[in-house]
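Student: Handing you a structure now.
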Amino acid sequence: MNDVAVVVVGAGQAGLSSAYHLRRTGWEPGADFVVLDHSPAPGGAWQFRWPTLTYGRVHGMHALPGMELTGADPGRPSSEVIGEYFAAYERAFALRVRRPVDVREVRDAGWGGRLVVRTAQGDWTARAVINATGTWDRPFWPRVPGQELFRGRQLHTAQYPGPRSDTFKGRRVVVVGGGTSAVQHLLEIAEVARETLWVTRRPPRFRSNSFGEEAGRAAVALVEERVREGLPPRSVVSVTGLPMTEQVRRARESGVLERHPMFARLAEDGVVWADGGRAPADTVLWATGFRPVIDHLAPLRLREPGGGIRLEGTRVSRDPRIHLVGYGPSASTIGANRAGRSAVRDVRALLAEGNREVPAVSPAAV
């Protein structure tokens, strides 16, 4: 069994930010801490994004700490640009990410205040775990009556192949979801589909004003409040509204972004509303978001009665050895950067309290 001070689970934006701050504050990658990533290559969830999501269309991508992303071609797929950037970042700071490694569970070791991280490639013991597993591997599929009867194709954003797929060309497509991904999918698919229909549970809210720093802080605060109360986190975009770009404005005027209420059930050949109204469909695309990937933490019993995990900063209230970065209010690229730094600061304090030797570091590094 391998023994380290800290295990970082996940090597997306949040995991690499955490690893950077661990290294910067004196810990040695591979000896004092280890980063475990289940993905086949660097890039986090970005490596799985659809090819038409080019780097120039990415909203709010912030550079990792200590290394800017410069000179990227806005016309290249974001999966390639960010994958190459993350790979270069791992090399530049010698983070020694281990992949592919599937973490099966994290549980109390039963001795010395340590944790056991069980993986398909061996086990690790650690004094603290920084969990940065994101949401991509847990797409949310709503359950509606008749899903098993529908004869067309159903897929989720996580499987979205791009608009040129035969799944959409010449087809009648229903897109379900009120977030940014749903809007992006609709704008693309409408150019090749026979018909599109947009369905959401709640009326979408578009914002025409610019989204400044003050508004950003207010939005994050709303998400943070739910996490402090132990409720499942909502996405930041759910409280910010959808940006009213010129492309979105034109789509609304043309009817592509005409919103319809959620249907009551699926039939063999389409969707059916509660009042009996129907719409034919060949494809249903569920752009219904994702949930945090935290099932491997279940043995620690971290959930509150409200169904979420209560955090103090990034530290789990029920177990201060566990930090969640990229969760709730830090589920954005800039939020993940800040959360990584905060988690490392708290982990250093925790280990110091336990009388474990902690590398000396200048105040500016933390």
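By convention in this document, the chains of the structure tokens carry letters A, B, ... by their order, each chain's residues are numbered from 1, and ligands are numbered from 1 in the order they are shown.
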Within 9 Å of Ala120 in chain A, counting only C-alpha atoms, which residues show up once you throw out same-chain ones fewer than 4 positions away? Write them as a PDB file with C-alpha atoms, in the first residue's frame, please.
Tutor:
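The new file around_31.pdb reads:
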ATOM      1  CA  VAL A 101      -6.610   5.133 -12.508  1.00  0.00           C
ATOM      2  CA  ASP A 102     -10.196   4.475 -11.398  1.00  0.00           C
ATOM      3  CA  VAL A 103     -10.814   5.377  -7.751  1.00  0.00           C
ATOM      4  CA  ARG A 104     -13.335   2.923  -6.372  1.00  0.00           C
TER       5      ARG A 104
END
Student: If we count only C-alpha atoms and set the cut-off at 9 Å, which residues sit around range 269-271 of chain A, ignoring sequence neighbours fewer than 2 positions away in its own chain? Please answer as a ChimeraX atom specification.
Tutor: /A:149-152,174,263-267,273,277-284
Student: Using DSSP on the backbone coordinates, identify the residues of range 132-364 of chain A assigned to strand (DSSP E); present them as an MDAnalysis selection string.
Tutor: chainID A and resid 153:156 172:176 195:200 206:207 242:243 259:261 265:267 270:272 278:280 283:286 311:312 315:316 319:324
Student: Neighbouring residues of Asp108 in chain A were defined as those with any atom within 9 Å, considering only C-alpha atoms; residues of the same chain fewer than 6 positions away were excluded. Please report them as a ChimeraX atom specification.
Tutor: /A:114-117,299-300
Student: Tell me, counting only C-alpha atoms, for each residue of range 134-190 of chain A within 7 Å of range 285-289 of chain A, which pair of atoms is nearest and how far apart they are in Å to one decimal, in rows ordered by chain and increasing number, as a Markdown table.
Tutor:
| residue | atom | partner | partner_atom | distance |
| --- | --- | --- | --- | --- |
| A:Pro139 | CA | A:Gly289 | CA | 6.2 |
| A:Phe140 | CA | A:Gly289 | CA | 5.7 |
| A:Trp141 | CA | A:Thr288 | CA | 6.8 |
| A:Gln154 | CA | A:Leu285 | CA | 5.9 |
| A:Leu155 | CA | A:Leu285 | CA | 5.2 |
| A:His156 | CA | A:Trp286 | CA | 4.6 |
| A:Thr157 | CA | A:Ala287 | CA | 5.2 |
| A:Val174 | CA | A:Leu285 | CA | 6.2 |
| A:Val175 | CA | A:Leu285 | CA | 4.8 |
| A:Val176 | CA | A:Trp286 | CA | 5.0 |
| A:Gly177 | CA | A:Ala287 | CA | 4.9 |
| A:Ser181 | CA | A:Ala287 | CA | 6.4 |
| A:Ala182 | CA | A:Ala287 | CA | 5.2 |
Student: Which distance in Å separates CA of Thr125 in chain A and CA of Phe86 in chain A, to one decimal?
Tutor: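 Answer for the CA of Thr125 in chain A to CA of Phe86 in chain A separation: 26.6 Å.
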